[in-house]
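Undergrad: Take a look at start-v3.tsv, TSV, C-alpha atoms:
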```tsv
chain	number	residue	atom	x	y	z
A	8	MET	CA	-1.71	3.16	61.99
A	9	GLU	CA	0.44	0.10	61.21
A	10	TYR	CA	3.34	1.64	63.14
A	11	MET	CA	1.15	2.20	66.24
A	12	LYS	CA	-0.13	-1.34	65.93
A	13	LYS	CA	3.40	-2.68	66.05
A	14	ILE	CA	4.17	-0.57	69.13
A	15	TRP	CA	1.06	-1.84	70.90
A	16	LEU	CA	1.88	-5.44	70.07
A	17	ALA	CA	5.43	-4.89	71.30
A	18	ILE	CA	4.02	-3.74	74.64
A	19	LEU	CA	1.94	-6.90	74.81
A	20	ALA	CA	5.03	-8.98	74.06
A	21	LEU	CA	6.91	-7.22	76.87
A	22	THR	CA	4.06	-7.97	79.25
A	23	ILE	CA	4.27	-11.64	78.40
A	24	SER	CA	8.04	-11.70	78.78
A	25	THR	CA	7.73	-10.46	82.37
A	26	GLY	CA	6.21	-13.78	83.36
A	27	LEU	CA	2.48	-13.38	82.79
A	28	LEU	CA	2.29	-16.81	81.16
A	29	SER	CA	4.96	-18.57	83.18
A	30	ALA	CA	2.62	-20.44	85.55
A	31	GLN	CA	1.22	-23.77	84.39
A	32	VAL	CA	-2.56	-23.80	84.39
A	33	THR	CA	-4.31	-26.95	85.59
A	34	ALA	CA	-7.98	-27.84	85.58
A	35	THR	CA	-10.28	-30.40	87.17
A	36	VAL	CA	-12.19	-32.14	84.39
A	37	THR	CA	-15.40	-34.05	85.14
A	38	GLY	CA	-17.44	-36.02	82.65
A	39	VAL	CA	-20.97	-34.81	81.88
A	40	GLU	CA	-21.93	-36.20	78.47
A	41	GLY	CA	-20.11	-37.75	75.54
A	42	ASN	CA	-19.70	-40.65	73.15
A	43	GLY	CA	-15.89	-40.80	72.97
A	44	PHE	CA	-15.73	-38.35	70.06
A	45	ALA	CA	-17.34	-35.23	71.56
A	46	GLY	CA	-19.62	-34.07	74.34
A	47	VAL	CA	-19.67	-31.83	77.40
A	48	TYR	CA	-17.16	-31.62	80.24
A	49	ASP	CA	-17.35	-29.70	83.50
A	50	VAL	CA	-14.03	-27.84	83.67
A	51	ASN	CA	-13.41	-26.11	87.01
A	52	GLY	CA	-17.15	-25.79	87.50
A	53	THR	CA	-18.11	-24.55	84.03
A	54	ASN	CA	-19.51	-26.71	81.22
A	55	TYR	CA	-17.79	-26.72	77.82
A	56	TRP	CA	-18.34	-28.70	74.65
A	57	TRP	CA	-15.26	-30.82	73.91
A	58	MET	CA	-13.91	-32.74	70.92
A	59	CYS	CA	-11.44	-35.63	70.97
A	60	ILE	CA	-7.97	-34.73	69.64
A	61	GLU	CA	-6.21	-37.94	70.75
A	62	PRO	CA	-7.97	-40.65	68.72
A	63	ASN	CA	-5.89	-43.64	69.78
A	64	GLY	CA	-8.17	-45.47	72.18
A	65	THR	CA	-7.39	-43.40	75.26
A	66	PRO	CA	-10.37	-43.11	77.65
A	67	ASN	CA	-12.66	-40.13	78.02
A	68	ALA	CA	-14.26	-39.25	81.34
A	69	THR	CA	-17.76	-40.66	81.69
A	70	LEU	CA	-20.49	-39.13	83.86
A	71	GLY	CA	-19.02	-38.17	87.24
A	72	GLU	CA	-15.45	-39.32	86.49
A	73	SER	CA	-12.81	-36.66	87.16
A	74	TYR	CA	-9.16	-36.10	86.41
A	75	THR	CA	-6.63	-33.27	86.51
A	76	ALA	CA	-5.38	-31.90	83.20
A	77	ASN	CA	-3.03	-29.22	81.99
A	78	TRP	CA	-4.92	-26.41	80.25
A	79	PHE	CA	-3.11	-25.03	77.20
A	80	TRP	CA	-3.79	-22.74	74.31
A	81	PHE	CA	-4.53	-24.82	71.22
A	82	GLU	CA	-1.11	-24.42	69.61
A	83	ASP	CA	0.75	-25.10	72.85
A	84	GLY	CA	-1.25	-28.27	73.49
A	85	TRP	CA	-0.99	-29.82	70.03
A	86	ASP	CA	2.17	-31.80	70.90
A	87	GLN	CA	1.16	-32.67	74.48
A	88	GLN	CA	-1.29	-35.55	74.03
A	89	ASN	CA	1.17	-38.22	75.19
A	90	ASN	CA	4.89	-38.71	75.79
A	91	GLU	CA	5.48	-40.35	72.41
A	92	ARG	CA	3.95	-37.42	70.55
A	93	PHE	CA	5.82	-34.90	72.70
A	94	ASP	CA	9.10	-36.71	71.95
A	95	PHE	CA	8.34	-36.77	68.22
A	96	PHE	CA	7.81	-33.01	68.01
A	97	ASN	CA	10.32	-31.81	70.60
A	98	VAL	CA	13.23	-34.28	70.49
A	99	GLN	CA	13.13	-36.01	67.12
A	100	ASN	CA	11.79	-33.12	65.02
A	101	PRO	CA	12.14	-29.83	66.92
A	102	ALA	CA	11.94	-27.82	63.67
A	103	TYR	CA	8.29	-28.86	63.43
A	104	GLN	CA	7.56	-26.49	66.31
A	105	THR	CA	7.84	-23.57	63.89
A	106	THR	CA	6.55	-25.27	60.74
A	107	VAL	CA	4.14	-28.19	61.09
A	108	ILE	CA	2.45	-27.31	64.39
A	109	PRO	CA	1.61	-23.65	63.63
A	110	LYS	CA	0.32	-24.55	60.17
A	111	GLN	CA	-1.79	-27.45	61.40
A	112	VAL	CA	-3.30	-25.42	64.24
A	113	THR	CA	-4.06	-22.53	61.89
A	114	VAL	CA	-5.86	-24.86	59.48
A	115	MET	CA	-7.84	-26.50	62.28
A	116	THR	CA	-8.72	-23.11	63.78
A	117	TYR	CA	-10.00	-21.97	60.39
A	118	VAL	CA	-12.18	-25.09	60.15
A	119	LEU	CA	-13.51	-24.54	63.68
A	120	ASP	CA	-14.19	-20.86	63.02
A	121	THR	CA	-15.85	-21.51	59.66
A	122	TYR	CA	-17.78	-24.74	60.06
A	123	LEU	CA	-19.12	-24.67	63.59
A	124	PRO	CA	-22.51	-22.91	63.49
A	125	TRP	CA	-21.46	-19.78	65.39
A	126	ASP	CA	-23.97	-17.41	63.85
A	127	THR	CA	-27.02	-19.67	63.98
A	128	LEU	CA	-26.65	-21.86	67.07
A	129	ALA	CA	-23.95	-20.52	69.37
A	130	GLY	CA	-26.09	-17.92	71.10
A	131	ALA	CA	-24.77	-15.14	73.31
A	132	SER	CA	-22.33	-17.44	75.15
A	133	GLY	CA	-20.56	-18.51	71.99
A	134	ARG	CA	-20.19	-21.98	73.54
A	135	PHE	CA	-23.27	-23.75	72.13
A	136	ILE	CA	-23.99	-24.74	75.72
A	137	GLU	CA	-27.72	-24.20	75.20
A	138	GLN	CA	-27.68	-27.08	72.69
A	139	ASP	CA	-28.90	-30.51	73.80
A	140	SER	CA	-25.93	-32.63	74.95
A	141	ASP	CA	-27.80	-35.95	75.32
A	142	PRO	CA	-25.71	-38.57	73.44
A	143	LEU	CA	-28.92	-40.29	72.33
A	144	ASN	CA	-29.37	-37.37	69.92
A	145	TYR	CA	-25.82	-37.25	68.52
A	146	GLU	CA	-26.79	-39.15	65.38
A	147	ASN	CA	-29.62	-36.74	64.58
A	148	ASN	CA	-29.38	-35.06	61.19
A	149	THR	CA	-29.20	-31.47	62.45
A	150	ASP	CA	-26.88	-28.57	61.68
A	151	PHE	CA	-25.44	-28.59	65.19
A	152	TYR	CA	-24.59	-32.28	65.54
A	153	ASN	CA	-23.47	-32.59	61.93
A	154	SER	CA	-21.10	-29.64	62.29
A	155	LEU	CA	-19.75	-30.73	65.67
A	156	PHE	CA	-18.93	-34.29	64.67
A	157	VAL	CA	-17.66	-33.51	61.17
A	158	VAL	CA	-15.26	-30.88	62.52
A	159	GLN	CA	-14.13	-33.37	65.17
A	160	ASN	CA	-13.50	-35.89	62.36
A	161	PHE	CA	-11.23	-33.32	60.70
A	162	LEU	CA	-9.30	-32.67	63.94
A	163	SER	CA	-8.82	-36.38	64.61
A	164	GLU	CA	-7.53	-36.90	61.06
A	165	MET	CA	-5.04	-34.07	61.58
A	166	TYR	CA	-3.72	-35.83	64.70
A	167	GLY	CA	-2.63	-38.71	62.50
A	168	LYS	CA	-0.63	-36.46	60.13
A	169	PRO	CA	2.43	-35.51	62.26
A	170	HIS	CA	4.56	-34.55	59.24
A	171	GLN	CA	2.00	-32.75	57.10
A	172	ASN	CA	2.00	-29.02	56.43
A	173	ASP	CA	0.86	-29.05	52.79
A	174	PHE	CA	-2.94	-29.18	52.57
A	175	THR	CA	-3.47	-28.72	48.85
A	176	ASP	CA	-4.28	-32.45	48.61
A	177	LEU	CA	-6.31	-33.97	51.46
A	178	SER	CA	-7.06	-37.31	49.85
A	179	ASN	CA	-5.37	-38.93	52.89
A	180	PHE	CA	-8.08	-37.58	55.24
A	181	VAL	CA	-10.60	-40.34	55.97
A	182	ASN	CA	-14.32	-39.53	56.08
A	183	ASN	CA	-15.89	-41.36	59.05
A	184	TRP	CA	-19.23	-41.66	57.20
A	185	ASP	CA	-18.02	-43.24	53.96
A	186	GLY	CA	-20.62	-45.80	52.96
A	187	ASP	CA	-23.22	-44.58	55.49
A	188	VAL	CA	-26.46	-44.25	53.53
A	189	THR	CA	-28.57	-42.82	56.34
A	190	ALA	CA	-29.68	-39.19	56.05
A	191	THR	CA	-27.19	-38.25	58.78
A	192	GLY	CA	-24.37	-40.15	57.11
A	193	ILE	CA	-25.00	-38.58	53.71
A	194	ALA	CA	-25.18	-35.08	55.19
A	195	ARG	CA	-21.95	-35.56	57.13
A	196	GLN	CA	-20.11	-37.06	54.16
A	197	ALA	CA	-21.05	-34.01	52.10
A	198	LEU	CA	-20.02	-31.54	54.82
A	199	PHE	CA	-16.68	-33.29	55.37
A	200	GLN	CA	-15.93	-33.22	51.65
A	201	SER	CA	-16.86	-29.54	51.53
A	202	ILE	CA	-14.32	-28.85	54.26
A	203	LEU	CA	-11.61	-30.78	52.41
A	204	ASP	CA	-12.34	-28.93	49.16
A	205	ASP	CA	-12.33	-25.57	50.94
A	206	VAL	CA	-9.05	-26.18	52.79
A	207	GLU	CA	-7.32	-27.48	49.66
A	208	GLY	CA	-8.37	-24.37	47.76
A	209	LYS	CA	-7.42	-21.99	50.55
A	210	ASP	CA	-3.99	-23.57	50.99
A	211	GLY	CA	-3.47	-23.32	47.24
A	212	VAL	CA	-3.58	-19.53	47.52
A	213	ASN	CA	-1.60	-19.37	50.82
A	214	HIS	CA	-4.65	-18.26	52.79
A	215	PHE	CA	-3.34	-19.82	56.01
A	216	ASP	CA	-0.13	-17.79	55.96
A	217	THR	CA	-2.06	-14.82	57.32
A	218	TYR	CA	-5.17	-16.35	58.90
A	219	THR	CA	-5.95	-15.18	62.44
A	220	ALA	CA	-8.31	-17.03	64.77
A	221	ILE	CA	-11.77	-15.56	65.29
A	222	HIS	CA	-12.81	-17.64	68.29
A	223	GLY	CA	-10.97	-19.15	71.25
A	224	TYR	CA	-9.94	-22.79	71.60
A	225	SER	CA	-7.81	-24.57	74.16
A	226	THR	CA	-6.80	-28.10	75.06
A	227	LEU	CA	-7.04	-30.25	78.16
A	228	SER	CA	-3.99	-32.47	78.24
A	229	VAL	CA	-2.72	-35.40	80.30
A	230	ARG	CA	0.77	-36.20	79.00
A	231	LEU	CA	1.73	-39.74	79.91
A	232	ASP	CA	2.83	-42.75	77.85
A	233	GLU	CA	0.26	-43.47	75.17
A	234	ALA	CA	-0.62	-46.87	76.67
A	235	ASP	CA	-0.69	-45.69	80.30
A	236	PRO	CA	-4.18	-46.37	81.74
A	237	ASP	CA	-4.08	-42.92	83.37
A	238	ASN	CA	-3.43	-41.19	80.04
A	239	TRP	CA	-6.86	-39.59	79.67
A	240	GLN	CA	-7.93	-38.63	76.18
A	241	ASP	CA	-6.82	-35.11	75.29
A	242	VAL	CA	-9.61	-32.83	74.11
A	243	LEU	CA	-10.17	-29.46	72.50
A	244	VAL	CA	-12.64	-27.22	74.33
A	245	ILE	CA	-14.53	-24.29	72.84
A	246	THR	CA	-13.67	-21.47	75.25
A	247	SER	CA	-14.66	-18.40	73.26
A	248	PHE	CA	-16.69	-15.94	75.36
A	249	ALA	CA	-17.01	-18.49	78.17
A	250	PRO	CA	-16.90	-17.32	81.80
A	251	VAL	CA	-14.26	-19.25	83.73
A	252	PRO	CA	-14.59	-18.90	87.53
A	253	GLU	CA	-11.09	-20.00	88.45
A	254	PRO	CA	-8.52	-17.12	88.33
A	255	SER	CA	-5.93	-19.33	86.62
A	256	GLY	CA	-8.42	-20.34	83.96
A	257	ALA	CA	-9.53	-16.75	83.48
A	258	LEU	CA	-5.92	-15.75	82.97
A	259	LEU	CA	-5.48	-18.45	80.36
A	260	ILE	CA	-8.52	-17.39	78.38
A	261	ALA	CA	-7.66	-13.70	78.60
A	262	CYS	CA	-4.17	-14.42	77.35
A	263	CYS	CA	-5.39	-16.47	74.37
A	264	GLY	CA	-6.11	-13.26	72.51
A	265	VAL	CA	-2.78	-11.79	73.60
A	266	ALA	CA	-0.95	-14.82	72.23
A	267	VAL	CA	-2.68	-14.52	68.88
A	268	MET	CA	-1.67	-10.87	68.65
A	269	LEU	CA	1.89	-11.70	69.66
A	270	ARG	CA	2.19	-14.22	66.82
A	271	ARG	CA	0.92	-11.55	64.44
A	272	PHE	CA	3.51	-9.12	65.78
A	273	ARG	CA	6.30	-11.62	65.14
A	274	ARG	CA	5.19	-11.88	61.52
A	275	LEU	CA	5.03	-8.10	61.16
A	276	ALA	CA	8.35	-7.35	62.84
```
Written as C-alpha cells, how would this file's structure read?
TA:
Amino acid sequence: MEYMKKIWLAILALTISTGLLSAQVTATVTGVEGNGFAGVYDVNGTNYWWMCIEPNGTPNATLGESYTANWFWFEDGWDQQNNERFDFFNVQNPAYQTTVIPKQVTVMTYVLDTYLPWDTLAGASGRFIEQDSDPLNYENNTDFYNSLFVVQNFLSEMYGKPHQNDFTDLSNFVNNWDGDVTATGIARQALFQSILDDVEGKDGVNHFDTYTAIHGYSTLSVRLDEADPDNWQDVLVITSFAPVPEPSGALLIACCGVAVMLRRFRRLA
C-alpha cells in the first residue's frame, strides 16, 4: 500500500512538473465587510471570510473598494506580503524557505484546522459564509467570532516572528485581549492561551513534522514596498470546499490538495 501511494504521488509530481502550476493566478478582491482584522471579501465573484496576515498598518478594502491580488497557496504566499519581507526570506535568508516558512505554515494550518469551529458552525460549504458578517457583531461573545479573531491574533503574531521555527515556548506571542475584563475579552484570552499551550506541547513531541492540512487556505497578496499606499493588506482566505467560478481560481483550489500530497511525497521519498 505504501509503495502504491508513493507511485501515485510521483505521478502527481510529474503532472505538476509539466507546467500545471506555472501560470500566476490573479484575483479581483472587493471589500464586503471587515474591521481591519477579519471579515468578508468578494473574490472573483464569490464571498470568503478573510483574516489579516500583514499587520503593519497596510489598508484593507472597505465596502465596494477593489484591487487586484496574486492568489497563492498559503505556504507560497507567506513571504509575499511586501517587498521587504520577500527580500528577507529570498535574498537575505534563502535557507528559511525550507525551514522557517514550512514550519510556520504547518503550525498555523494546524491552528486553523483545530480552532476554527468547522464541525459546529461551518455548515456544508465549509466556509462559514452563513455566519453573520456584520462588524457591529464582531465583539459578541460567541464561538464563531471568538474563534475567528483569536486565530487571526495567532496568525498576526506569527507574521512578526520571521526567524522562529521553535514553538515549544510561545511567551513572545502577545494576546490582544490582555487586560480586557469584558466577557468577550476573558473568553478570547482563555482561548488564545489554550492555543499557545497546545502548540507548545505539540511541538515538544514533534507533532508538526508530520502534520498534514485538513482544510484549504490561500492568500491574497499585493507585493509592493511596505509603505507604498497601494500595498493592500495581505489576507488569508478560507477556501476549503468553496466553489470558485473563475477557471484560474478553480485550478488553484484544486491544486492545493495536490501540493499537500506532493510535499508528503518529498518526505516519503
Undergrad: What does the structure give for the distance between atom CA of A:Ala220 and atom CA of A:Thr116, in Å to one decimal?
TA: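 So the answer is 6.2 Å.
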Undergrad: Excluding stretch 196-210 of chain A and its own-chain neighbours fewer than 3 positions away, which residues fall within 9 Å of it when counting all atoms listed in the file? Please give them as a ChimeraX atom specification.
TA: /A:114,117-118,122,153-154,157-158,160-161,173-178,180,182-187,191-193,213-216
Undergrad: So the first atom is atom CA of A:Thr35 and the second is atom CA of A:Leu143; what is the distance between them in Å, to one decimal place?
TA: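 Atom CA of A:Leu143 lies 25.8 Å from atom CA of A:Thr35.
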Undergrad: What gap, in Å, lies between atom CA of A:Pro101 and atom CA of A:Trp78?
TA: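 Distance between the two atoms: 21.9 Å.
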Undergrad: Just want the 10 Å neighbourhood of A:Gly64, counted on all atoms listed in the file, with same-chain residues fewer than 4 positions away dropped. Output as a compact mmCIF listing (two decimals) with C-alpha atoms, keeping the file's coordinate frame.
TA:
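Result file is result.txt:
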```
# COMPACT_ATOMS: atom_id res chain seq x y z
CA GLY A 43 -15.89 -40.80 72.97
CA GLU A 233 0.26 -43.47 75.17
CA ALA A 234 -0.62 -46.87 76.67
CA TRP A 239 -6.86 -39.59 79.67
CA GLN A 240 -7.93 -38.63 76.18
```
Undergrad: Taking into account all atoms listed in the file, which residue in the set A:Asp83, A:Asp141, A:Asp120, A:Asp150 is nearest to A:Gln104?
TA: A:Asp83
Undergrad: Could you tell me which of A:Val36, A:Cys59, A:Val242, A:Ala102 comes closest to A:Gly71 if we count all atoms listed in the file?
TA: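 Of all the options, A:Val36 lies closest to A:Gly71.
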Undergrad: Would you compute, for all listed atoms of stretch 101-118 of chain A, the axis-aligned bounding box grown by 4 Å on each side, and then report its centre and edge lengths in Å rounded to one decimal, as AutoDock Vina command-line options?
TA:
```
--center_x 0.0 --center_y -25.9 --center_z 63.2 --size_x 32.3 --size_y 15.9 --size_z 15.4
```
Undergrad: Which residue, A:Thr113, A:Asn238, A:Thr121, A:Thr33, has the smallest gap to A:Ala76 when you use all atoms listed in the file?
TA: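 Distance minimum relative to A:Ala76 lands on A:Thr33.
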Undergrad: Find the spatial neighbours of A:Thr69, counting only C-alpha atoms, within a cut-off of 9 Å - ignore same-chain residues fewer than 4 positions away - and output them as a ChimeraX atom specification.
TA: /A:37-43,73
Undergrad: Based on the selection just made, write C-alpha atoms of those residues as a PDB file, in the frame of the given file.
TA:
```pdb
ATOM      1  CA  THR A  37     -15.400 -34.050  85.140  1.00  0.00           C
ATOM      2  CA  GLY A  38     -17.440 -36.020  82.650  1.00  0.00           C
ATOM      3  CA  VAL A  39     -20.970 -34.810  81.880  1.00  0.00           C
ATOM      4  CA  GLU A  40     -21.930 -36.200  78.470  1.00  0.00           C
ATOM      5  CA  GLY A  41     -20.110 -37.750  75.540  1.00  0.00           C
ATOM      6  CA  ASN A  42     -19.700 -40.650  73.150  1.00  0.00           C
ATOM      7  CA  GLY A  43     -15.890 -40.800  72.970  1.00  0.00           C
ATOM      8  CA  SER A  73     -12.810 -36.660  87.160  1.00  0.00           C
TER       9      SER A  73
END
```
